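The structure file data.csv is reproduced below (CSV, C-alpha atoms and all ligand atoms).
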```
chain,number,residue,atom,x,y,z
O,1428,MET,CA,-12.5,-4.4,-3.0
O,1429,LEU,CA,-10.5,-7.6,-3.4
O,1430,GLN,CA,-7.1,-7.6,-1.7
O,1431,PRO,CA,-4.1,-9.6,-2.9
O,1432,PRO,CA,-2.2,-11.7,-0.3
O,1433,ARG,CA,0.3,-9.8,1.8
O,1434,ARG,CA,3.3,-11.7,0.4
O,1435,ILE,CA,2.7,-10.3,-3.1
O,1436,ALA,CA,3.4,-6.8,-1.8
O,1437,ASN,CA,7.1,-7.9,-1.7
O,1438,VAL,CA,7.1,-9.1,-5.3
O,1439,LYS,CA,8.9,-6.3,-7.1
O,1440,TYR,CA,10.7,-6.1,-10.4
O,1441,ALA,CA,12.3,-2.7,-10.8
O,1442,ILE,CA,13.4,-3.2,-14.4
O,1443,ARG,CA,9.8,-3.3,-15.7
O,1444,ASN,CA,8.4,-1.0,-13.0
O,1445,ILE,CA,10.6,1.9,-13.9
O,1446,ALA,CA,9.9,1.5,-17.6
O,1447,ALA,CA,6.2,2.3,-16.9
O,1448,GLU,CA,7.3,5.9,-16.3
O,1449,ALA,CA,9.1,6.1,-19.6
O,1450,THR,CA,6.1,4.7,-21.4
O,1451,ARG,CA,4.0,7.5,-19.8
O,1452,LEU,CA,6.5,10.1,-20.9
O,1453,GLU,CA,6.7,8.7,-24.4
O,1454,ALA,CA,3.0,8.9,-24.7
O,1455,GLN,CA,3.3,12.6,-24.0
O,1456,GLY,CA,5.7,12.9,-26.9
O,1457,LYS,CA,9.0,12.8,-25.1
O,1458,ARG,CA,11.9,10.9,-26.9
O,1459,ILE,CA,13.3,8.2,-24.6
O,1460,LEU,CA,16.8,6.8,-24.8
O,1461,TYR,CA,16.3,3.3,-23.5
O,1462,CYS,CA,19.3,2.0,-21.6
O,1463,ASN,CA,17.3,-0.1,-19.2
O,1464,VAL,CA,16.4,-3.4,-20.6
O,1465,GLY,CA,18.6,-6.5,-21.3
O,1466,ASP,CA,16.9,-7.4,-24.6
O,1467,PRO,CA,19.4,-7.2,-27.5
O,1468,LEU,CA,16.5,-7.4,-30.0
O,1469,LYS,CA,15.4,-3.9,-28.9
O,1470,PHE,CA,18.6,-2.7,-30.5
O,1471,ASP,CA,20.8,-3.6,-33.5
O,1472,PHE,CA,21.0,-7.3,-32.9
O,1473,ALA,CA,19.0,-10.1,-34.6
O,1474,THR,CA,18.3,-13.7,-33.9
O,1475,PRO,CA,20.6,-15.9,-36.1
O,1476,PRO,CA,18.6,-16.7,-39.2
O,1477,HIS,CA,19.3,-20.5,-39.1
O,1478,LEU,CA,17.5,-20.6,-35.7
O,1479,VAL,CA,14.5,-18.7,-37.0
O,1480,GLU,CA,14.3,-21.2,-39.9
O,1481,VAL,CA,14.4,-24.1,-37.5
O,1482,VAL,CA,11.5,-22.7,-35.5
O,1483,VAL,CA,9.4,-21.8,-38.6
O,1484,LYS,CA,10.0,-25.4,-39.9
O,1485,ALA,CA,8.9,-26.8,-36.5
O,1486,LEU,CA,5.7,-24.8,-36.8
O,1487,HIS,CA,5.1,-26.0,-40.4
O,1488,ASP,CA,5.9,-29.6,-39.4
O,1489,GLY,CA,3.1,-29.5,-36.9
O,1490,HIS,CA,5.1,-29.3,-33.6
O,1491,ASN,CA,2.4,-27.2,-32.2
O,1492,GLY,CA,1.0,-29.5,-29.5
O,1493,TYR,CA,2.1,-29.8,-25.9
O,1494,ALA,CA,5.7,-31.0,-25.4
O,1495,PRO,CA,6.7,-33.4,-22.6
O,1496,SER,CA,6.7,-31.4,-19.4
O,1497,ALA,CA,10.5,-31.7,-19.0
O,1498,GLY,CA,11.0,-30.7,-22.7
O,1499,ILE,CA,11.5,-32.5,-26.0
O,1500,LYS,CA,14.1,-35.3,-26.1
O,1501,ALA,CA,16.3,-33.6,-28.7
O,1502,ALA,CA,16.6,-30.4,-26.6
O,1503,ARG,CA,17.4,-32.3,-23.3
O,1504,GLU,CA,19.9,-34.4,-25.1
O,1505,ALA,CA,21.6,-31.4,-26.7
O,1506,VAL,CA,21.9,-29.6,-23.3
O,1507,ALA,CA,23.3,-32.7,-21.7
O,1508,LYS,CA,25.8,-33.3,-24.5
O,1509,ASP,CA,26.9,-29.7,-24.5
O,1510,ALA,CA,27.4,-29.8,-20.7
O,1511,ASN,CA,29.4,-33.0,-21.0
O,1512,ARG,CA,31.8,-31.6,-23.6
O,1513,ARG,CA,32.3,-28.6,-21.2
O,1514,GLY,CA,33.4,-30.9,-18.4
O,1515,LEU,CA,30.0,-31.3,-16.7
O,1516,SER,CA,30.3,-35.1,-17.1
O,1517,ARG,CA,27.5,-36.3,-14.8
O,1518,ILE,CA,24.6,-34.5,-16.5
O,1519,ARG,CA,22.4,-36.9,-18.5
O,1520,PRO,CA,19.4,-35.9,-20.6
O,1521,GLU,CA,17.0,-36.9,-17.8
O,1522,ASP,CA,18.7,-34.4,-15.5
O,1523,VAL,CA,17.7,-31.5,-17.8
O,1524,PHE,CA,14.4,-29.6,-17.7
O,1525,ILE,CA,13.5,-27.3,-20.6
O,1526,THR,CA,11.6,-24.3,-19.2
O,1527,ALA,CA,9.9,-21.0,-20.3
O,1528,GLY,CA,13.2,-19.1,-20.1
O,1529,VAL,CA,15.7,-19.2,-17.2
O,1530,SER,CA,12.9,-17.3,-15.4
O,1531,GLU,CA,10.8,-20.4,-15.1
O,1532,ALA,CA,13.8,-22.6,-14.3
O,1533,ILE,CA,14.4,-20.3,-11.3
O,1534,ASP,CA,10.8,-20.4,-10.3
O,1535,LEU,CA,10.6,-24.2,-10.5
O,1536,THR,CA,13.8,-24.7,-8.6
O,1537,LEU,CA,13.1,-22.3,-5.8
O,1538,THR,CA,9.6,-23.7,-5.4
O,1539,ALA,CA,11.0,-27.2,-5.2
O,1540,LEU,CA,13.6,-26.1,-2.6
O,1541,LEU,CA,12.1,-23.7,-0.2
O,1542,GLU,CA,9.6,-24.0,2.6
O,1543,PRO,CA,8.0,-20.8,3.9
O,1544,GLY,CA,10.5,-19.2,6.2
O,1545,ASP,CA,13.5,-20.9,4.6
O,1546,GLU,CA,16.4,-18.6,3.5
O,1547,VAL,CA,18.2,-18.2,0.2
O,1548,LEU,CA,21.4,-16.3,-0.1
O,1549,LEU,CA,21.3,-13.9,-3.0
O,1550,PRO,CA,24.1,-11.7,-4.5
O,1551,SER,CA,23.6,-8.0,-3.8
O,1552,PRO,CA,23.4,-6.4,-6.3
O,1553,GLY,CA,21.7,-9.2,-8.1
O,1554,TYR,CA,19.0,-10.1,-10.5
O,1555,PRO,CA,15.7,-9.3,-8.8
O,1556,LEU,CA,13.6,-12.2,-10.0
O,1557,TYR,CA,15.2,-14.4,-7.3
O,1558,ASN,CA,13.9,-11.9,-4.6
O,1559,ALA,CA,10.5,-11.8,-6.2
O,1560,ILE,CA,10.1,-15.5,-6.3
O,1561,ALA,CA,11.4,-15.9,-2.7
O,1562,ALA,CA,8.8,-13.4,-1.7
O,1563,ARG,CA,6.0,-15.2,-3.5
O,1564,LEU,CA,7.0,-18.4,-1.6
O,1565,ASP,CA,7.1,-16.6,1.7
O,1566,ALA,CA,10.8,-17.5,1.9
O,1567,LYS,CA,13.4,-15.0,2.9
O,1568,ALA,CA,15.9,-13.5,0.5
O,1569,VAL,CA,19.1,-12.8,2.4
O,1570,PRO,CA,21.6,-10.6,0.5
O,1571,TYR,CA,25.3,-11.2,0.5
O,1572,GLN,CA,27.1,-8.0,-0.5
O,1573,LEU,CA,29.4,-8.0,-3.5
O,1574,ASP,CA,32.6,-6.1,-3.0
O,1575,GLU,CA,32.6,-3.1,-5.4
O,1576,ALA,CA,36.1,-2.0,-4.4
O,1577,HIS,CA,37.4,-5.3,-5.7
O,1578,GLY,CA,35.5,-5.5,-9.0
O,1579,TRP,CA,32.2,-6.5,-7.4
O,1580,SER,CA,33.8,-9.8,-6.2
O,1581,VAL,CA,32.3,-12.3,-3.8
O,1582,ASP,CA,33.6,-12.1,-0.3
O,1583,ALA,CA,33.4,-15.7,1.0
O,1584,LYS,CA,33.6,-14.6,4.6
O,1585,GLU,CA,30.7,-12.1,4.1
O,1586,LEU,CA,28.8,-14.9,2.3
O,1587,GLU,CA,29.4,-17.4,5.1
O,1588,SER,CA,28.4,-14.9,7.8
O,1589,LYS,CA,24.9,-14.8,6.3
O,1590,VAL,CA,24.3,-18.6,6.6
O,1591,GLY,CA,21.7,-19.4,9.3
O,1592,PRO,CA,19.8,-22.4,10.4
O,1593,ARG,CA,17.1,-21.9,7.7
O,1594,THR,CA,19.5,-21.3,4.8
O,1595,ARG,CA,18.9,-23.8,2.0
O,1596,ALA,CA,20.7,-22.4,-1.0
O,1597,VAL,CA,23.1,-19.8,-2.4
O,1598,VAL,CA,22.7,-18.2,-5.8
O,1599,LEU,CA,25.8,-17.4,-7.8
O,1600,CYS,CA,25.2,-15.4,-11.0
O,1601,ASN,CA,28.3,-15.8,-13.2
O,1602,PRO,CA,28.7,-13.4,-14.9
O,1603,ASN,CA,26.5,-11.2,-12.8
O,1604,ASN,CA,23.6,-9.0,-13.8
O,1605,PRO,CA,23.7,-6.0,-13.0
O,1606,THR,CA,27.5,-5.6,-12.3
O,1607,GLY,CA,29.0,-7.6,-15.3
O,1608,ALA,CA,31.4,-9.2,-12.8
O,1609,LEU,CA,32.9,-12.6,-13.9
O,1610,TYR,CA,34.0,-15.0,-11.2
O,1611,GLY,CA,37.1,-17.2,-11.7
O,1612,LYS,CA,38.0,-20.6,-10.4
O,1613,GLN,CA,39.1,-19.4,-6.9
O,1614,THR,CA,35.9,-17.5,-6.3
O,1615,VAL,CA,33.6,-20.3,-7.5
O,1616,LEU,CA,35.6,-22.8,-5.3
O,1617,ALA,CA,35.1,-20.5,-2.3
O,1618,VAL,CA,31.4,-20.3,-2.8
O,1619,LEU,CA,31.2,-24.1,-3.3
O,1620,GLU,CA,33.2,-24.6,0.0
O,1621,VAL,CA,30.6,-22.5,1.9
O,1622,ALA,CA,27.9,-24.6,0.4
O,1623,ARG,CA,29.7,-27.8,1.2
O,1624,LYS,CA,30.3,-26.8,4.8
O,1625,HIS,CA,26.7,-25.8,5.5
O,1626,GLY,CA,24.9,-28.3,3.3
O,1627,LEU,CA,23.5,-25.7,0.9
O,1628,ALA,CA,22.4,-26.1,-2.7
O,1629,VAL,CA,24.2,-23.9,-5.2
O,1630,LEU,CA,22.0,-22.3,-7.9
O,1631,SER,CA,24.4,-21.4,-10.6
O,1632,ASP,CA,22.9,-18.9,-13.1
O,1633,GLU,CA,25.2,-19.0,-16.1
O,1634,ILE,CA,22.9,-17.3,-18.7
O,1635,TYR,CA,25.7,-14.9,-19.7
O,1636,ASP,CA,28.5,-17.5,-19.9
O,1637,LYS,CA,29.2,-16.9,-23.5
O,1638,LEU,CA,29.1,-13.1,-23.4
O,1639,LEU,CA,32.6,-12.5,-22.1
O,1640,TYR,CA,35.2,-9.8,-22.9
O,1641,ASP,CA,38.5,-11.4,-21.9
O,1642,ASP,CA,38.6,-14.2,-19.4
O,1643,GLN,CA,37.2,-17.7,-19.6
O,1644,HIS,CA,34.0,-18.8,-17.9
O,1645,VAL,CA,34.2,-21.6,-15.3
O,1646,PRO,CA,31.0,-23.6,-15.0
O,1647,SER,CA,30.4,-24.1,-11.2
O,1648,GLY,CA,29.6,-27.8,-11.8
O,1649,THR,CA,33.1,-28.6,-13.1
O,1650,LEU,CA,34.6,-27.8,-9.7
O,1651,ALA,CA,32.6,-30.1,-7.3
O,1652,ASP,CA,31.0,-33.5,-7.5
O,1653,ASP,CA,29.9,-33.5,-3.8
O,1654,VAL,CA,27.7,-30.3,-3.7
O,1655,PRO,CA,24.2,-30.2,-5.0
O,1656,ILE,CA,24.5,-27.8,-7.9
O,1657,ILE,CA,21.6,-26.7,-10.2
O,1658,MET,CA,22.8,-24.9,-13.3
O,1659,PHE,CA,20.6,-22.4,-15.2
O,1660,ASN,CA,21.1,-21.4,-18.8
O,1661,GLY,CA,19.1,-20.7,-22.0
O,1662,LEU,CA,18.9,-19.2,-25.4
O,1663,SER,CA,17.6,-15.7,-24.5
O,1664,LYS,CA,20.9,-13.8,-24.4
O,1665,ALA,CA,23.7,-15.6,-26.3
O,1666,TYR,CA,21.3,-16.8,-29.1
O,1667,LEU,CA,19.4,-13.5,-29.2
O,1668,CYS,CA,15.9,-14.7,-28.9
O,1669,PRO,CA,14.6,-13.7,-25.4
O,1670,GLY,CA,11.0,-13.6,-26.6
O,1671,TRP,CA,11.0,-17.3,-27.4
O,1672,ARG,CA,11.2,-18.2,-23.8
O,1673,VAL,CA,13.7,-21.1,-23.9
O,1674,GLY,CA,15.8,-21.9,-20.9
O,1675,TRP,CA,16.7,-24.9,-18.8
O,1676,LEU,CA,17.9,-26.1,-15.5
O,1677,ALA,CA,20.3,-29.0,-15.1
O,1678,PHE,CA,21.1,-31.1,-12.0
O,1679,VAL,CA,24.8,-31.2,-12.2
O,1680,ASN,CA,25.4,-33.9,-9.5
O,1681,PRO,CA,22.1,-35.7,-9.9
O,1682,ALA,CA,22.7,-38.3,-7.2
O,1683,LEU,CA,22.6,-35.5,-4.6
O,1684,THR,CA,19.3,-33.9,-5.8
O,1685,ARG,CA,17.0,-36.8,-6.7
O,1686,GLU,CA,14.2,-35.7,-4.4
O,1687,ILE,CA,14.4,-32.1,-5.7
O,1688,ALA,CA,14.4,-33.3,-9.3
O,1689,GLY,CA,11.3,-35.3,-8.4
O,1690,ALA,CA,9.7,-32.1,-7.1
O,1691,VAL,CA,10.7,-30.1,-10.1
O,1692,GLN,CA,9.1,-32.9,-12.3
O,1693,ARG,CA,5.8,-32.7,-10.4
O,1694,LEU,CA,5.8,-28.9,-10.7
O,1695,ALA,CA,6.7,-29.1,-14.4
O,1696,ASP,CA,3.9,-31.7,-15.0
O,1697,ALA,CA,1.4,-29.4,-13.4
O,1698,ARG,CA,2.2,-26.5,-15.8
O,1699,LEU,CA,2.2,-29.0,-18.8
O,1700,CYS,CA,5.3,-27.7,-20.7
O,1701,GLY,CA,7.5,-24.9,-21.8
O,1702,PRO,CA,6.8,-23.3,-25.2
O,1703,ALA,CA,7.1,-26.3,-27.6
O,1704,PRO,CA,8.1,-25.3,-31.2
O,1705,VAL,CA,11.0,-23.1,-30.0
O,1706,GLN,CA,12.6,-26.0,-28.2
O,1707,HIS,CA,13.6,-27.3,-31.6
O,1708,ALA,CA,16.1,-24.5,-31.7
O,1709,VAL,CA,18.1,-25.8,-28.8
O,1710,GLU,CA,20.2,-28.4,-30.6
O,1711,PRO,CA,21.0,-26.2,-33.6
O,1712,ALA,CA,21.8,-23.3,-31.3
O,1713,LEU,CA,24.3,-25.3,-29.1
O,1714,PHE,CA,25.8,-27.3,-32.0
O,1715,GLY,CA,25.4,-25.0,-35.0
O,1716,PRO,CA,27.4,-21.9,-36.1
O,1717,GLN,CA,28.4,-19.6,-33.2
O,1718,ASP,CA,29.7,-16.7,-35.4
O,1719,HIS,CA,27.0,-14.3,-34.2
O,1720,ILE,CA,28.4,-14.4,-30.7
O,1721,ALA,CA,31.8,-13.2,-31.8
O,1722,GLU,CA,30.2,-10.6,-33.9
O,1723,ALA,CA,27.9,-9.4,-31.1
O,1724,MET,CA,30.9,-9.3,-28.6
O,1725,LYS,CA,32.9,-7.1,-31.0
O,1726,ARG,CA,30.1,-4.5,-30.9
O,1727,LEU,CA,29.5,-4.9,-27.2
O,1728,ARG,CA,33.2,-4.5,-26.4
O,1729,ALA,CA,33.2,-1.1,-28.1
O,1730,ARG,CA,30.0,-0.2,-26.3
O,1731,ARG,CA,31.4,-1.4,-22.9
O,1732,ASP,CA,34.6,0.6,-23.4
O,1733,LEU,CA,32.7,3.7,-24.3
O,1734,THR,CA,30.4,3.2,-21.3
O,1735,VAL,CA,33.2,2.8,-18.7
O,1736,LYS,CA,35.2,5.7,-20.1
O,1737,ARG,CA,32.2,8.1,-20.3
O,1738,LEU,CA,30.8,7.2,-16.9
O,1739,ASN,CA,34.2,7.5,-15.2
O,1740,GLY,CA,34.6,10.9,-16.9
O,1741,ILE,CA,31.6,12.3,-15.0
O,1742,LYS,CA,32.4,13.8,-11.6
O,1743,GLY,CA,30.3,12.0,-9.0
O,1744,VAL,CA,30.0,8.9,-11.0
O,1745,SER,CA,32.4,5.9,-11.0
O,1746,CYS,CA,32.1,2.6,-12.8
O,1747,VAL,CA,33.8,-0.8,-12.4
O,1748,GLU,CA,34.6,-2.4,-15.8
O,1749,PRO,CA,32.2,-5.2,-16.6
O,1750,LYS,CA,33.9,-8.5,-17.7
O,1751,GLY,CA,30.9,-10.1,-19.1
O,1752,ALA,CA,27.2,-9.5,-20.2
O,1753,PHE,CA,26.0,-6.1,-21.2
O,1754,TYR,CA,25.4,-4.3,-17.9
O,1755,ALA,CA,27.3,-1.8,-15.9
O,1756,MET,CA,26.5,-0.7,-12.3
O,1757,PRO,CA,28.0,2.8,-11.8
O,1758,LYS,CA,28.1,4.4,-8.4
O,1759,LEU,CA,26.6,7.8,-7.6
O,1760,GLU,CA,28.3,10.0,-5.1
O,1761,LEU,CA,26.4,13.3,-5.2
O,1762,PRO,CA,25.7,15.8,-2.5
O,1763,GLY,CA,22.3,15.4,-0.9
O,1764,LEU,CA,21.4,12.3,-2.9
O,1765,LYS,CA,18.9,10.3,-0.9
O,1766,SER,CA,17.6,7.8,-3.3
O,1767,ASP,CA,18.8,6.5,-6.7
O,1768,GLU,CA,15.2,5.8,-7.7
O,1769,ASP,CA,14.5,9.5,-7.3
O,1770,PHE,CA,17.7,10.2,-9.4
O,1771,VAL,CA,16.6,7.9,-12.2
O,1772,LEU,CA,13.1,9.2,-12.3
O,1773,ARG,CA,14.2,12.8,-12.4
O,1774,LEU,CA,16.8,11.9,-15.0
O,1775,VAL,CA,14.2,10.3,-17.3
O,1776,ARG,CA,11.7,13.1,-16.8
O,1777,GLU,CA,14.3,15.9,-17.5
O,1778,THR,CA,16.5,14.2,-20.1
O,1779,GLY,CA,14.6,11.2,-21.5
O,1780,VAL,CA,17.5,8.9,-20.6
O,1781,LEU,CA,16.3,5.7,-18.9
O,1782,PHE,CA,18.4,3.6,-16.5
O,1783,VAL,CA,17.3,1.4,-13.7
O,1784,HIS,CA,17.9,2.5,-10.1
O,1785,GLY,CA,20.4,0.5,-8.0
O,1786,GLU,CA,18.0,-0.1,-5.2
O,1787,GLY,CA,16.0,-2.4,-7.6
O,1788,PHE,CA,19.0,-4.8,-7.5
O,1789,GLY,CA,20.1,-4.4,-3.9
O,1790,GLN,CA,23.2,-2.5,-2.8
O,1791,ARG,CA,25.2,-1.8,0.3
O,1792,GLU,CA,23.3,0.4,2.7
O,1793,GLY,CA,24.1,4.1,2.2
O,1794,THR,CA,25.4,3.6,-1.3
O,1795,HIS,CA,23.6,4.6,-4.6
O,1796,HIS,CA,23.9,3.1,-8.0
O,1797,PHE,CA,22.1,2.7,-11.3
O,1798,ARG,CA,22.3,0.1,-13.9
O,1799,VAL,CA,23.2,0.9,-17.5
O,1800,VAL,CA,22.4,-1.5,-20.3
O,1801,PHE,CA,25.0,-0.8,-22.9
O,1802,LEU,CA,23.3,-2.7,-25.8
O,1803,PRO,CA,22.3,0.5,-27.7
O,1804,PRO,CA,24.7,1.7,-30.5
O,1805,GLU,CA,27.5,4.0,-29.6
O,1806,LYS,CA,25.7,7.0,-31.0
O,1807,VAL,CA,22.8,6.5,-28.7
O,1808,LEU,CA,25.0,5.7,-25.7
O,1809,SER,CA,27.1,8.8,-26.3
O,1810,GLU,CA,24.0,11.0,-26.4
O,1811,ALA,CA,22.7,9.3,-23.2
O,1812,PHE,CA,26.0,10.0,-21.4
O,1813,ASP,CA,26.1,13.6,-22.7
O,1814,ARG,CA,22.7,14.2,-21.2
O,1815,LEU,CA,23.6,12.3,-18.0
O,1816,GLY,CA,26.8,14.4,-17.7
O,1817,GLU,CA,24.8,17.7,-18.0
O,1818,PHE,CA,22.2,16.5,-15.5
O,1819,VAL,CA,24.8,15.5,-13.0
O,1820,LYS,CA,26.7,18.8,-13.5
O,1821,SER,CA,23.6,20.7,-12.6
O,1822,TRP,CA,22.9,18.5,-9.5
O,1823,PRO,CA,21.2,19.4,-7.2
O,1824,GLY,CA,19.2,21.1,-9.9
O,1901,LIG,N1,19.0,-14.8,-15.0
O,1901,LIG,C1,19.6,-13.6,-15.2
O,1901,LIG,C2,20.8,-13.3,-14.4
O,1901,LIG,C3,19.1,-12.6,-16.1
O,1901,LIG,O1,19.7,-11.5,-16.2
O,1901,LIG,C4,17.9,-12.9,-16.8
O,1901,LIG,C5,17.3,-12.0,-17.7
O,1901,LIG,O2,17.7,-10.8,-17.9
O,1901,LIG,C6,17.3,-14.2,-16.6
O,1901,LIG,C7,17.8,-15.0,-15.7
O,1901,LIG,C8,16.0,-14.5,-17.2
O,1901,LIG,O3,16.3,-14.9,-18.5
O,1901,LIG,P1,15.2,-15.7,-19.5
O,1901,LIG,O4,14.9,-14.8,-20.6
O,1901,LIG,O5,15.9,-16.9,-19.9
O,1901,LIG,O6,14.0,-16.0,-18.6
```

Written as structure tokens, that's how I'd like the structure from this file.
Ligand code: PLP
Amino acid sequence: MLQPPRRIANVKYAIRNIAAEATRLEAQGKRILYCNVGDPLKFDFATPPHLVEVVVKALHDGHNGYAPSAGIKAAREAVAKDANRRGLSRIRPEDVFITAGVSEAIDLTLTALLEPGDEVLLPSPGYPLYNAIAARLDAKAVPYQLDEAHGWSVDAKELESKVGPRTRAVVLCNPNNPTGALYGKQTVLAVLEVARKHGLAVLSDEIYDKLLYDDQHVPSGTLADDVPIIMFNGLSKAYLCPGWRVGWLAFVNPALTREIAGAVQRLADARLCGPAPVQHAVEPALFGPQDHIAEAMKRLRARRDLTVKRLNGIKGVSCVEPKGAFYAMPKLELPGLKSDEDFVLRLVRETGVLFVHGEGFGQREGTHHFRVVFLPPEKVLSEAFDRLGEFVKSWPG
């Protein structure tokens, strides 16, 4: 029997792995309440029609061949122009690479940065793709723990304590998936200072920067011109088209990252290009009507408020209020609970409610969490929290 390489055993992605169990249960006729996947299109959100039209037109106009490996000119120009108007003044179109979602931007960047054995500092809890790619590269993902008692904030001392001789980069996900925490200027400055002091690259994942409930987003790149910063963003979330696979990376202070940009270019050349027709939606997305975002946030605010209230109303469950995105990361404090994966699996088997276990995102040792995606309508969320409440009440059942 053929065997995969050892490093692939560490490539894990809990969000999809856990969904396999729900699919199995659904095939047996069980009704599943999906609160596990960050795809707005699975619920009552739709891609803005003007963007759909642009892509349909691109298809009809014959834009069906390969695009340049770094992306079509109009898209790179739009990303740079949008960055410039938001205070990221040093980004030029040639510093932007259009990719197959932010996922591929992360892949290209980590591949261009890390030797086997190098270390990358990742928020814990955090988005598991970073860990998966680090594993694939035989690099080491080193978690820095976010501080749940203070709104899942970054503790700069804890972060700095994790820097070692092989550390190359630190990832800041702002707002964060899975906690929904939003980091303000002081926090971003503190992370940048650690990076500056230790010569690290900052990978700033800003995919949720427009999905905010109250406060403003601070792009990391507006706060330092002397730190190598690579910014990630894309259309998936704010423009409601995750299946199109449109994302990008931008070198914020390009003079500091020329060699890395060259490596990204070589990697991008080797994979030919990101999906081409959909790249025509980048300019109209960034510079066209934005009404759908306010409309989505109105609905999401009600769903977030309901989620926080209902979770905090269950004895043994507590939840920090998310400030951005559509995720919450409640804590479980239940007698005898050994594994949140076990909790989540039992919950879906017994009640049909599907969350993702905290372990899949990383968490402080000895603590247990699960991630709630609060994209579903309030009626579905209410039913899910009713069932969760009953399940927890009967714990250990
Ligand atoms: N980064 C974060 C923090 C995410 O939550 C996600 C998707 O959920 C991604 C990147 C990947 O996004 P994309 O659809 O652009 O590949």

**OP:** Kindly compile the residues surrounding ligand LIG 1901 (chain O) within 6 Å, counting all atoms listed in the file, and format them as a list of chain:residue names.
**Re:**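 Those residues are O:Gly1465, O:Gly1528, O:Val1529, O:Ser1530, O:Tyr1554, O:Cys1600, O:Asn1604, O:Asp1632, O:Ile1634, O:Gly1661, O:Ser1663, O:Pro1669, O:Arg1672, O:Gly1674.
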
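A straight line drawn from CA of Asn1739 (chain O) to CA of Glu1805 (chain O) is 16.3 Å long.
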
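Atom pair CA of Glu1710 (chain O) / CA of Leu1650 (chain O) has a distance of 25.4 Å (rounded to one decimal).
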
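Residue nearest Val1735 (chain O), chosen from O:Leu1808, O:Val1464, O:Leu1662, O:Ala1505 and counting all atoms listed in the file: O:Leu1808.
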
Would you give me, as JSON lines, each residue of region 1659-1752 of chain O having an atom within 8 Å of an atom of region 1480-1486 of chain O, along with its shortest atom pair and that distance in Å to one decimal, using all atoms listed in the file and sorting by chain and residue number?
```
{"residue": "O:Pro1704", "atom": "CA", "partner": "O:Ala1485", "partner_atom": "CA", "distance": 5.6}
{"residue": "O:Val1705", "atom": "CA", "partner": "O:Val1482", "partner_atom": "CA", "distance": 5.5}
{"residue": "O:His1707", "atom": "CA", "partner": "O:Val1482", "partner_atom": "CA", "distance": 6.4}
{"residue": "O:Ala1708", "atom": "CA", "partner": "O:Val1481", "partner_atom": "CA", "distance": 6.1}
{"residue": "O:Pro1711", "atom": "CA", "partner": "O:Val1481", "partner_atom": "CA", "distance": 7.9}
```

**OP:** In Å, rounded to a single decimal, give me how far CA of Phe1472 (chain O) is from CA of Val1709 (chain O).
**Re:** 19.2 Å

Original post:
Which polymer residues have any atom within 10 Å of an atom of Ala1755 (chain O), counting only C-alpha atoms, with same-chain residues fewer than 5 positions away left out, as an NGL selection string?
Top reply: :O and (1603-1608 or 1731 or 1734-1735 or 1738 or 1746-1750 or 1796-1801)

Original post:
Which neighbours of Val1654 (chain O) fall inside 7 Å, counting all atoms listed in the file, when residues of the same chain fewer than 2 positions from it are skipped, and could you give them as a ChimeraX atom specification?
Top reply: /O:1623,1628,1651-1652,1656

**OP:** Counting only C-alpha atoms, figure out which residue out of O:Ala1721, O:Leu1452, O:Pro1552, O:Trp1579 gets nearest to Glu1792 (chain O).
**Re:** O:Pro1552

**OP:** Mind checking which residues fall within 9 Å of region 1437-1440 of chain O, counting all atoms listed in the file, ignoring those fewer than 6 positions away in the same chain, and posting them as a list in words?
**Re:**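 In the requested format, the answer is Pro1555, Leu1556, Asn1558, Ala1559, Ile1560, Ala1561, Ala1562, Arg1563, Gly1787 and Phe1788 of chain O.
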
Pop region 1761-1769 of chain O out of the structure in the block and write N, CA and C atoms as a short mmCIF file (atom, residue, chain, number, x, y, z; two decimals), in the first residue's frame.
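Dumped to part34.cif:
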```cif
data_model
loop_
_atom_site.label_atom_id
_atom_site.label_comp_id
_atom_site.auth_asym_id
_atom_site.auth_seq_id
_atom_site.Cartn_x
_atom_site.Cartn_y
_atom_site.Cartn_z
N LEU O 1761 -17.60 22.12 31.89
CA LEU O 1761 -18.56 21.08 32.27
C LEU O 1761 -17.83 19.99 33.04
N PRO O 1762 -18.48 19.44 34.07
CA PRO O 1762 -17.81 18.41 34.86
C PRO O 1762 -17.44 17.20 34.00
N GLY O 1763 -16.21 16.79 34.14
CA GLY O 1763 -15.77 15.55 33.47
C GLY O 1763 -15.48 15.71 31.98
N LEU O 1764 -15.62 16.93 31.46
CA LEU O 1764 -15.38 17.10 30.02
C LEU O 1764 -13.90 16.94 29.70
N LYS O 1765 -13.59 16.01 28.82
CA LYS O 1765 -12.17 15.73 28.53
C LYS O 1765 -11.76 16.30 27.17
N SER O 1766 -12.72 16.36 26.23
CA SER O 1766 -12.34 16.78 24.88
C SER O 1766 -13.53 17.49 24.24
N ASP O 1767 -13.24 18.66 23.65
CA ASP O 1767 -14.36 19.36 23.02
C ASP O 1767 -14.74 18.70 21.69
N GLU O 1768 -13.82 17.95 21.11
CA GLU O 1768 -14.17 17.21 19.90
C GLU O 1768 -15.25 16.18 20.23
N ASP O 1769 -15.04 15.50 21.34
CA ASP O 1769 -16.02 14.51 21.78
C ASP O 1769 -17.37 15.19 22.05
#
```
